[in-house]
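Asker: Contents are compact mmCIF, C-alpha atoms and all ligand atoms; file name upload34.txt:
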# COMPACT_ATOMS: atom_id res chain seq x y z
CA MET A 1 -26.89 21.48 -20.85
CA ALA A 2 -28.86 18.85 -18.93
CA GLU A 3 -27.61 17.99 -15.44
CA ILE A 4 -25.69 14.75 -15.10
CA LYS A 5 -27.72 12.50 -12.79
CA ARG A 6 -26.50 8.99 -13.57
CA VAL A 7 -22.83 8.10 -13.94
CA ALA A 8 -21.33 4.81 -15.04
CA VAL A 9 -17.78 4.22 -13.85
CA LEU A 10 -15.91 1.49 -15.71
CA GLY A 11 -13.11 -0.09 -13.70
CA ALA A 12 -13.19 -0.47 -9.90
CA GLY A 13 -9.46 -0.01 -9.33
CA THR A 14 -7.93 2.81 -7.30
CA MET A 15 -9.10 5.52 -9.68
CA GLY A 16 -12.49 4.05 -10.59
CA ALA A 17 -13.39 3.48 -6.94
CA GLY A 18 -12.40 7.05 -6.07
CA ILE A 19 -14.40 8.49 -8.97
CA ALA A 20 -17.47 6.41 -8.03
CA GLN A 21 -17.16 7.64 -4.44
CA ILE A 22 -17.02 11.34 -5.26
CA ALA A 23 -19.82 11.05 -7.83
CA ALA A 24 -22.07 9.37 -5.24
CA THR A 25 -21.03 11.91 -2.61
CA ALA A 26 -22.10 14.67 -5.02
CA GLY A 27 -25.57 13.05 -5.20
CA MET A 28 -25.29 11.21 -8.51
CA ASP A 29 -26.51 7.65 -9.00
CA VAL A 30 -23.50 5.51 -9.80
CA ARG A 31 -23.08 2.21 -11.60
CA LEU A 32 -19.62 0.81 -10.87
CA ARG A 33 -18.54 -1.88 -13.29
CA ASP A 34 -15.61 -4.26 -13.38
CA VAL A 35 -15.09 -7.56 -15.15
CA ALA A 36 -15.40 -9.77 -12.04
CA ASP A 37 -16.74 -9.72 -8.51
CA GLY A 38 -13.24 -9.75 -6.93
CA PRO A 39 -12.14 -6.29 -8.16
CA ILE A 40 -15.62 -4.91 -7.47
CA GLN A 41 -15.46 -6.00 -3.82
CA LYS A 42 -11.93 -4.57 -3.53
CA GLY A 43 -13.17 -1.28 -5.01
CA LEU A 44 -16.08 -1.15 -2.56
CA GLU A 45 -13.66 -1.80 0.31
CA THR A 46 -11.52 1.16 -0.85
CA ILE A 47 -14.64 3.35 -0.91
CA ARG A 48 -15.82 2.23 2.54
CA SER A 49 -12.46 2.87 4.15
CA SER A 50 -12.10 6.28 2.49
CA LEU A 51 -15.59 7.27 3.66
CA ASP A 52 -14.68 6.07 7.17
CA ARG A 53 -11.72 8.46 7.19
CA ILE A 54 -13.91 11.33 5.97
CA VAL A 55 -16.60 10.61 8.62
CA ALA A 56 -13.95 10.41 11.37
CA LYS A 57 -12.32 13.64 10.18
CA ALA A 58 -15.69 15.48 10.10
CA ALA A 59 -16.59 14.20 13.59
CA LYS A 60 -13.22 15.30 14.96
CA ALA A 61 -13.71 18.78 13.49
CA GLY A 62 -17.29 18.92 14.88
CA LYS A 63 -18.68 19.32 11.35
CA ALA A 64 -21.69 17.56 9.84
CA THR A 65 -20.17 17.45 6.34
CA MET A 66 -20.17 13.61 6.37
CA THR A 67 -22.10 11.74 9.02
CA ASP A 68 -22.62 7.98 9.42
CA ALA A 69 -26.08 8.41 7.87
CA ALA A 70 -24.65 10.32 4.91
CA ARG A 71 -22.02 7.59 4.46
CA THR A 72 -24.79 4.99 4.24
CA GLU A 73 -26.64 7.13 1.69
CA VAL A 74 -23.50 7.55 -0.42
CA LEU A 75 -22.89 3.79 -0.42
CA GLY A 76 -26.56 3.24 -1.28
CA ARG A 77 -26.15 5.33 -4.42
CA ILE A 78 -23.43 3.01 -5.75
CA ARG A 79 -24.70 -0.11 -7.50
CA THR A 80 -22.27 -2.59 -9.00
CA THR A 81 -22.36 -4.86 -12.01
CA THR A 82 -20.07 -6.97 -14.17
CA SER A 83 -22.15 -6.18 -17.28
CA LEU A 84 -20.92 -3.26 -19.37
CA ASP A 85 -24.26 -2.93 -21.17
CA GLU A 86 -26.15 -2.79 -17.88
CA ALA A 87 -23.69 -0.26 -16.41
CA VAL A 88 -24.05 2.28 -19.20
CA ALA A 89 -27.68 1.62 -20.29
CA ASP A 90 -29.17 4.72 -18.62
CA ALA A 91 -26.01 6.78 -18.00
CA ASP A 92 -25.77 10.52 -18.66
CA LEU A 93 -22.00 10.29 -18.25
CA VAL A 94 -19.69 7.31 -18.60
CA VAL A 95 -16.24 7.59 -17.01
CA GLU A 96 -13.93 4.85 -18.20
CA ALA A 97 -11.10 4.18 -15.72
CA ILE A 98 -9.59 0.92 -16.99
CA PRO A 99 -5.82 0.30 -17.28
CA GLU A 100 -3.75 2.61 -19.48
CA ARG A 101 -3.73 0.52 -22.66
CA MET A 102 -4.75 2.27 -25.86
CA ASP A 103 -6.14 -0.91 -27.45
CA TRP A 104 -8.27 -1.70 -24.36
CA LYS A 105 -9.52 1.87 -24.08
CA LYS A 106 -10.54 1.97 -27.75
CA GLU A 107 -12.29 -1.38 -27.56
CA CYS A 108 -14.08 -0.29 -24.39
CA LEU A 109 -15.19 3.00 -25.95
CA ALA A 110 -16.65 1.28 -29.01
CA SER A 111 -18.69 -1.06 -26.77
CA VAL A 112 -19.80 1.81 -24.54
CA GLU A 113 -20.94 3.91 -27.50
CA ALA A 114 -23.02 1.00 -28.80
CA ALA A 115 -24.79 0.49 -25.44
CA ALA A 116 -25.05 3.98 -23.89
CA PRO A 117 -27.90 6.45 -24.54
CA ALA A 118 -27.26 8.84 -27.47
CA HIS A 119 -27.04 11.86 -25.16
CA ALA A 120 -24.38 10.38 -22.82
CA VAL A 121 -21.00 12.09 -22.56
CA LEU A 122 -18.17 9.56 -22.83
CA ALA A 123 -15.20 10.42 -20.63
CA THR A 124 -11.89 8.64 -20.25
CA ASN A 125 -9.64 8.90 -17.20
CA THR A 126 -6.15 8.74 -18.63
CA SER A 127 -2.96 10.29 -17.32
CA SER A 128 -1.29 10.69 -20.71
CA LEU A 129 -2.87 8.82 -23.62
CA SER A 130 -4.19 10.92 -26.50
CA ILE A 131 -7.91 11.69 -26.18
CA THR A 132 -8.05 12.30 -29.94
CA ASP A 133 -6.63 8.82 -30.54
CA ILE A 134 -8.99 7.11 -28.05
CA ALA A 135 -11.94 9.04 -29.54
CA SER A 136 -11.12 7.77 -33.03
CA ALA A 137 -12.71 4.46 -31.93
CA ALA A 138 -16.09 6.20 -31.56
CA LYS A 139 -18.57 6.84 -34.37
CA ASP A 140 -19.15 10.25 -32.82
CA PRO A 141 -15.81 11.49 -31.35
CA SER A 142 -17.35 14.82 -30.36
CA ARG A 143 -18.89 13.06 -27.30
CA VAL A 144 -15.49 11.95 -26.02
CA VAL A 145 -13.58 14.01 -23.45
CA GLY A 146 -10.70 13.40 -21.03
CA MET A 147 -11.37 13.60 -17.28
CA HIS A 148 -8.03 13.15 -15.54
CA PHE A 149 -8.43 12.61 -11.79
CA PHE A 150 -5.64 12.37 -9.21
CA ASN A 151 -4.88 9.81 -6.53
CA PRO A 152 -6.28 9.78 -3.84
CA VAL A 153 -9.33 10.97 -5.78
CA PRO A 154 -11.44 12.00 -2.74
CA VAL A 155 -8.60 14.23 -1.47
CA MET A 156 -6.92 15.79 -4.50
CA GLU A 157 -8.41 19.11 -5.57
CA LEU A 158 -7.70 19.07 -9.28
CA LEU A 159 -9.60 17.70 -12.25
CA GLU A 160 -7.83 18.10 -15.58
CA VAL A 161 -10.38 18.13 -18.40
CA VAL A 162 -8.79 17.31 -21.75
CA ARG A 163 -10.24 18.50 -25.02
CA GLY A 164 -9.50 16.18 -27.95
CA LEU A 165 -9.28 17.55 -31.48
CA ARG A 166 -12.94 16.73 -32.13
CA THR A 167 -14.37 17.05 -28.61
CA SER A 168 -17.49 19.27 -28.57
CA ASP A 169 -17.89 22.33 -26.36
CA ALA A 170 -20.91 20.58 -24.81
CA ALA A 171 -18.81 17.58 -23.72
CA VAL A 172 -16.16 19.88 -22.20
CA ALA A 173 -18.87 21.89 -20.41
CA ALA A 174 -20.48 18.71 -19.02
CA ALA A 175 -17.11 17.40 -17.77
CA ARG A 176 -16.33 20.76 -16.18
CA ALA A 177 -19.73 21.09 -14.50
CA THR A 178 -19.57 17.52 -13.18
CA GLY A 179 -16.06 18.05 -11.82
CA GLU A 180 -17.16 21.22 -10.06
CA ARG A 181 -20.15 19.41 -8.53
CA MET A 182 -17.68 16.82 -7.26
CA GLY A 183 -15.87 19.64 -5.49
CA LYS A 184 -12.89 19.79 -7.83
CA THR A 185 -11.11 22.78 -9.29
CA VAL A 186 -11.13 22.23 -13.03
CA ILE A 187 -8.53 23.14 -15.62
CA VAL A 188 -9.14 22.56 -19.33
CA VAL A 189 -6.16 21.60 -21.44
CA ARG A 190 -5.63 20.82 -25.09
CA ASP A 191 -4.89 17.20 -25.96
CA SER A 192 -1.09 16.92 -25.93
CA PRO A 193 1.21 14.21 -24.55
CA GLY A 194 1.05 14.14 -20.75
CA PHE A 195 -1.31 17.16 -20.68
CA ALA A 196 -0.33 19.84 -18.12
CA THR A 197 0.14 17.51 -15.13
CA SER A 198 1.74 14.18 -16.02
CA ARG A 199 4.27 15.81 -18.35
CA LEU A 200 5.74 17.77 -15.44
CA GLY A 201 5.08 15.12 -12.76
CA VAL A 202 7.00 12.34 -14.48
CA CYS A 203 9.99 14.63 -15.20
CA LEU A 204 10.58 14.99 -11.48
CA ALA A 205 10.03 11.28 -10.84
CA ALA A 206 12.35 10.17 -13.65
CA GLU A 207 15.12 12.50 -12.49
CA ALA A 208 14.74 11.30 -8.88
CA ILE A 209 15.08 7.68 -10.06
CA ARG A 210 18.17 8.55 -12.11
CA MET A 211 19.64 10.23 -9.00
CA LEU A 212 18.94 7.08 -6.97
CA GLU A 213 20.59 4.98 -9.71
CA SER A 214 23.74 7.09 -9.66
CA GLY A 215 23.94 7.12 -5.86
CA VAL A 216 23.38 10.84 -5.26
CA ALA A 217 21.45 10.04 -2.07
CA SER A 218 19.13 7.43 -0.56
CA ALA A 219 15.47 7.24 -1.60
CA GLU A 220 14.49 8.67 1.79
CA ASP A 221 16.83 11.64 1.43
CA ILE A 222 15.85 12.40 -2.17
CA ASP A 223 12.23 12.46 -1.01
CA ARG A 224 13.08 14.52 2.06
CA ALA A 225 14.80 17.06 -0.18
CA MET A 226 11.55 17.77 -1.99
CA GLU A 227 9.28 17.39 1.07
CA LEU A 228 11.23 19.70 3.34
CA GLY A 229 13.13 21.83 0.85
CA TYR A 230 10.27 22.42 -1.57
CA ARG A 231 7.23 21.66 0.58
CA HIS A 232 5.94 18.90 -1.68
CA PRO A 233 3.46 16.82 0.35
CA MET A 234 5.30 13.69 -0.73
CA GLY A 235 8.70 13.17 -2.35
CA PRO A 236 8.85 11.97 -6.00
CA LEU A 237 9.85 8.36 -5.16
CA ARG A 238 7.19 7.87 -2.48
CA LEU A 239 4.66 9.42 -4.86
CA THR A 240 5.74 6.99 -7.60
CA ASP A 241 5.05 4.17 -5.13
CA LEU A 242 1.58 5.64 -4.53
CA VAL A 243 0.76 6.14 -8.21
CA GLY A 244 2.24 2.77 -9.27
CA LEU A 245 5.62 2.20 -10.91
CA ASP A 246 3.89 0.51 -13.85
CA VAL A 247 1.66 3.55 -14.38
CA ARG A 248 4.61 5.93 -14.36
CA LEU A 249 6.63 3.68 -16.68
CA ALA A 250 3.73 3.59 -19.14
CA ILE A 251 3.52 7.41 -19.07
CA LEU A 252 7.28 7.76 -19.60
CA ASP A 253 7.30 5.23 -22.46
CA HIS A 254 4.46 7.15 -24.10
CA LEU A 255 6.10 10.56 -23.65
CA HIS A 256 9.45 9.18 -24.82
CA ARG A 257 7.79 8.07 -28.07
CA GLU A 258 5.72 11.22 -28.50
CA VAL A 259 7.92 14.04 -27.18
CA GLY A 260 11.53 12.91 -27.08
CA GLU A 261 14.66 11.72 -25.39
CA GLN A 262 14.21 13.67 -22.15
CA PHE A 263 11.46 11.22 -21.19
CA ARG A 264 13.47 7.99 -21.70
CA PRO A 265 12.51 5.80 -18.70
CA PRO A 266 15.37 5.08 -16.26
CA PRO A 267 16.47 1.39 -16.43
CA LEU A 268 15.90 0.99 -12.66
CA LEU A 269 12.21 1.80 -13.08
CA ARG A 270 11.79 -0.81 -15.83
CA GLN A 271 13.68 -3.38 -13.75
CA LEU A 272 11.49 -2.85 -10.68
CA VAL A 273 8.35 -3.15 -12.80
CA ARG A 274 9.64 -6.38 -14.35
CA ALA A 275 10.25 -7.68 -10.81
CA GLY A 276 6.62 -6.96 -9.93
CA LYS A 277 7.60 -4.19 -7.51
CA LEU A 278 4.86 -1.79 -8.49
CA GLY A 279 4.72 0.27 -5.30
CA LYS A 280 2.10 0.48 -2.58
CA LYS A 281 -0.39 -1.77 -4.36
CA THR A 282 2.03 -4.73 -4.40
CA GLY A 283 3.64 -3.93 -1.02
CA GLU A 284 7.00 -2.85 -2.46
CA GLY A 285 8.45 -0.29 -4.84
CA PHE A 286 11.13 2.16 -3.76
CA TYR A 287 9.84 1.48 -0.22
CA ARG A 288 8.26 -1.46 1.59
CA TRP A 289 4.61 -0.86 2.48
CA GLU A 290 2.79 -2.45 5.39
CA LYS A 291 -0.85 -3.41 4.83
N1 LIG A 301 -9.76 9.07 1.42
C1 LIG A 301 -10.15 10.04 2.26
N2 LIG A 301 -9.31 10.83 2.97
C2 LIG A 301 -7.99 10.59 2.80
C3 LIG A 301 -7.50 9.59 1.93
C4 LIG A 301 -8.44 8.81 1.21
N3 LIG A 301 -8.08 7.85 0.36
N4 LIG A 301 -6.15 9.62 1.95
C5 LIG A 301 -5.79 10.60 2.80
N5 LIG A 301 -6.91 11.17 3.32
C6 LIG A 301 -6.98 12.30 4.24
C7 LIG A 301 -6.58 11.87 5.64
O1 LIG A 301 -7.70 11.45 6.38
C8 LIG A 301 -5.97 13.13 6.19
O2 LIG A 301 -6.93 14.02 6.70
P1 LIG A 301 -6.53 15.03 7.90
O3 LIG A 301 -5.23 15.65 7.55
O4 LIG A 301 -7.62 16.02 7.93
O5 LIG A 301 -6.45 14.16 9.10
C9 LIG A 301 -5.36 13.81 4.99
O6 LIG A 301 -5.99 13.24 3.84
C10 LIG A 301 -3.88 13.56 4.91
O7 LIG A 301 -3.65 12.16 4.97
P2 LIG A 301 -2.56 11.45 5.89
O8 LIG A 301 -2.46 12.17 7.19
O9 LIG A 301 -2.86 9.99 5.90
O10 LIG A 301 -1.21 11.55 5.12
P3 LIG A 301 -0.54 12.77 4.41
O11 LIG A 301 -0.68 14.02 5.18
O12 LIG A 301 0.80 12.27 4.04
O13 LIG A 301 -1.38 12.95 3.07
C11 LIG A 301 -1.71 12.54 0.81
C12 LIG A 301 -1.56 11.91 2.17
C13 LIG A 301 -3.05 13.26 0.72
C14 LIG A 301 -1.70 11.37 -0.18
C15 LIG A 301 -0.54 13.56 0.58
O14 LIG A 301 0.68 12.95 0.89
C16 LIG A 301 -0.47 14.05 -0.83
O15 LIG A 301 -1.17 14.96 -1.21
N6 LIG A 301 0.44 13.45 -1.62
C17 LIG A 301 0.60 13.80 -3.02
C18 LIG A 301 -0.45 13.09 -3.83
C19 LIG A 301 -0.32 13.38 -5.29
O16 LIG A 301 0.52 14.11 -5.76
N7 LIG A 301 -1.20 12.77 -6.08
C20 LIG A 301 -1.20 12.89 -7.51
C21 LIG A 301 -0.50 11.73 -8.09
S1 LIG A 301 -0.51 11.75 -9.84
C22 LIG A 301 -1.99 11.06 -10.22
O17 LIG A 301 -2.72 10.55 -9.45
C23 LIG A 301 -2.41 11.16 -11.61
C24 LIG A 301 -1.84 10.23 -12.53
O18 LIG A 301 -2.08 10.45 -13.68
C25 LIG A 301 -1.07 9.06 -12.25
I need this file expressed as structure tokens, please.
Answerer:
Amino acid sequence: MAEIKRVAVLGAGTMGAGIAQIAATAGMDVRLRDVADGPIQKGLETIRSSLDRIVAKAAKAGKATMTDAARTEVLGRIRTTTSLDEAVADADLVVEAIPERMDWKKECLASVEAAAPAHAVLATNTSSLSITDIASAAKDPSRVVGMHFFNPVPVMELLEVVRGLRTSDAAVAAARATGERMGKTVIVVRDSPGFATSRLGVCLAAEAIRMLESGVASAEDIDRAMELGYRHPMGPLRLTDLVGLDVRLAILDHLHREVGEQFRPPPLLRQLVRAGKLGKKTGEGFYRWEK
């Protein structure tokens, strides 16, 4: 298996920016693509501020793991573009990290396959959508693999690699090797609704929201219960604010359709999403967030 040297990341949102950052930190040349300059600049800002935290943390610990010079090198390895064709033209690996819409992901994959080199592995970062279904939009679905990263991408240790029904061993091996180079611990799971992570993660979130709806306790106390009683780094409601209420609603809707009644989204979650309260990214969800 040839080493992945050039990575195209499609989508400069929270996940895409994080993936671009860790790929560049691992020494890969990155092309970060979004549809307009606005989201690209926002993505670069996310990357700069994350690298600042990592530089400050290394300096405090007296370690040379990330210096100012290394930060500049990492940023220098990330080039941006609004052209999809340009982004993927010489990529060894394409990681698509656009919003969780099956129709968009399929359309994107078909365009990527037409423009990317024949050897490129085509990965999709999805938290629950079927890799087999997304891959059906490709002429060669064996090149398509799931690479599910976690937010904040530079901090979270896990990469969940998802094998679709027709994903080749070579594509799984490339995704695994790339994840390990990025410093992640990799698990490989079979394509099934919500994989190993989201299926369990949204259960806890949905139940916490139902408890809030029925007045069991305040949001703060429900979160405290899990943070202090179970040592979760963040309670399920605060975590839903971090992930995005819209993202979690989309996962629940999908699992409700695919798996069953236990995943029916709580009405409060749908209401908050309709009100535009999507969590940290919009300044309000279950909590209010300062800039
Ligand atoms: N970039 C770089 N470093 C970061 C960072 C970022 N974006 N965010 C946090 N950090 C670092 C901080 O610098 C800090 O380092 P030190 O402890 O060495 O000083 C450390 O991470 C902890 O950060 P904070 O002190 O700011 O806050 P915290 O202790 O509350 O940790 C957290 C923040 C890492 C987010 C932690 O609360 C956590 O792990 N929460 C759970 C996150 C989680 O479950 N994510 C998965 C969500 S599901 C998902 O993403 C997938 C999906 O499909 C939707």
Asker: When distances are computed from all atoms listed in the file, which of A:Pro236, A:Pro141, A:Gly215, A:Gly244 shows the smallest separation from Leu200 of chain A?
Answerer: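 Counting all atoms listed in the file, the residue closest to Leu200 of chain A is A:Pro236.
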Asker: One decimal, in Å: what's the spacing between atom CA of Ala225 of chain A and atom CA of Leu239 of chain A?
Answerer: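 Computing it gives 13.5 Å between the two atoms.
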Asker: Using all atoms listed in the file, determine which residues fall within 6 Å of ligand LIG 301 (chain A), then list them as a PyMOL selection string.
Answerer: chain A and resi 50+53-54+57+127+150-152+154-155+198+233-234+243
Asker: Have a look at atom CA of Arg270 of chain A and atom CA of Glu207 of chain A and let me know their distance in Å, one decimal.
Answerer: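 Atom CA of Glu207 of chain A lies 14.1 Å from atom CA of Arg270 of chain A.
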Asker: Taking into account only C-alpha atoms, which residue in the set A:Leu75, A:Ala219, A:Met15, A:Leu204 is nearest to Asp29 of chain A?
Answerer: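 The answer is A:Leu75, which sits nearest to Asp29 of chain A.
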Asker: Mind filling out segment 220-231 of chain A with all heavy atoms and sending it as a compact mmCIF listing (two decimals), in the coordinates of the input?
Answerer:
# COMPACT_ATOMS: atom_id res chain seq x y z
N GLU A 220 15.07 7.85 0.71
CA GLU A 220 14.49 8.67 1.79
C GLU A 220 14.98 10.11 1.68
O GLU A 220 14.20 11.05 1.86
CB GLU A 220 14.87 8.11 3.18
CG GLU A 220 14.17 6.84 3.58
CD GLU A 220 14.84 5.59 3.00
OE1 GLU A 220 15.83 5.73 2.23
OE2 GLU A 220 14.36 4.48 3.28
N ASP A 221 16.29 10.27 1.44
CA ASP A 221 16.83 11.64 1.43
C ASP A 221 16.44 12.41 0.17
O ASP A 221 16.21 13.61 0.22
CB ASP A 221 18.36 11.61 1.62
CG ASP A 221 18.72 11.41 3.09
OD1 ASP A 221 17.79 11.45 3.93
OD2 ASP A 221 19.90 11.19 3.39
N ILE A 222 16.32 11.71 -0.95
CA ILE A 222 15.85 12.40 -2.17
C ILE A 222 14.43 12.90 -1.93
O ILE A 222 14.06 14.03 -2.26
CB ILE A 222 15.92 11.46 -3.40
CG1 ILE A 222 17.39 11.17 -3.74
CG2 ILE A 222 15.19 12.06 -4.60
CD1 ILE A 222 17.59 10.07 -4.78
N ASP A 223 13.61 12.04 -1.30
CA ASP A 223 12.23 12.46 -1.01
C ASP A 223 12.19 13.60 0.00
O ASP A 223 11.45 14.57 -0.16
CB ASP A 223 11.41 11.26 -0.50
CG ASP A 223 10.90 10.41 -1.65
OD1 ASP A 223 10.91 10.90 -2.79
OD2 ASP A 223 10.49 9.26 -1.42
N ARG A 224 13.04 13.46 1.04
CA ARG A 224 13.08 14.52 2.06
C ARG A 224 13.46 15.86 1.44
O ARG A 224 12.95 16.91 1.85
CB ARG A 224 14.12 14.15 3.13
CG ARG A 224 13.47 13.85 4.45
CD ARG A 224 14.49 13.41 5.48
NE ARG A 224 14.09 12.15 6.05
CZ ARG A 224 14.88 11.11 6.25
NH1 ARG A 224 16.15 11.16 5.93
NH2 ARG A 224 14.39 10.01 6.76
N ALA A 225 14.35 15.81 0.46
CA ALA A 225 14.80 17.06 -0.18
C ALA A 225 13.61 17.83 -0.74
O ALA A 225 13.51 19.05 -0.58
CB ALA A 225 15.80 16.73 -1.29
N MET A 226 12.72 17.10 -1.39
CA MET A 226 11.55 17.77 -1.99
C MET A 226 10.47 18.07 -0.95
O MET A 226 9.77 19.08 -1.03
CB MET A 226 10.96 16.89 -3.10
CG MET A 226 11.79 16.85 -4.35
SD MET A 226 11.89 18.46 -5.17
CE MET A 226 13.53 18.95 -4.78
N GLU A 227 10.33 17.17 0.05
CA GLU A 227 9.28 17.39 1.07
C GLU A 227 9.62 18.59 1.95
O GLU A 227 8.78 19.45 2.19
CB GLU A 227 9.11 16.13 1.93
CG GLU A 227 8.42 15.00 1.17
CD GLU A 227 8.65 13.61 1.79
OE1 GLU A 227 9.20 13.52 2.91
OE2 GLU A 227 8.29 12.62 1.13
N LEU A 228 10.88 18.64 2.40
CA LEU A 228 11.23 19.70 3.34
C LEU A 228 11.82 20.93 2.65
O LEU A 228 11.63 22.04 3.11
CB LEU A 228 12.22 19.17 4.39
CG LEU A 228 11.73 17.93 5.16
CD1 LEU A 228 12.75 17.49 6.19
CD2 LEU A 228 10.38 18.20 5.82
N GLY A 229 12.50 20.71 1.55
CA GLY A 229 13.13 21.83 0.85
C GLY A 229 12.17 22.56 -0.09
O GLY A 229 12.35 23.74 -0.35
N TYR A 230 11.19 21.82 -0.61
CA TYR A 230 10.27 22.42 -1.57
C TYR A 230 8.81 22.33 -1.15
O TYR A 230 7.92 22.68 -1.92
CB TYR A 230 10.44 21.75 -2.96
CG TYR A 230 11.60 22.29 -3.75
CD1 TYR A 230 12.91 22.13 -3.30
CD2 TYR A 230 11.40 22.95 -4.95
CE1 TYR A 230 13.99 22.61 -4.03
CE2 TYR A 230 12.47 23.44 -5.69
CZ TYR A 230 13.77 23.27 -5.22
OH TYR A 230 14.82 23.74 -5.95
N ARG A 231 8.59 21.79 0.05
CA ARG A 231 7.23 21.66 0.58
C ARG A 231 6.30 20.83 -0.31
O ARG A 231 5.10 21.13 -0.41
CB ARG A 231 6.59 23.03 0.81
CG ARG A 231 7.07 23.68 2.07
CD ARG A 231 5.98 24.50 2.69
NE ARG A 231 6.49 25.19 3.87
CZ ARG A 231 5.91 26.21 4.42
NH1 ARG A 231 4.80 26.69 3.90
NH2 ARG A 231 6.41 26.76 5.50
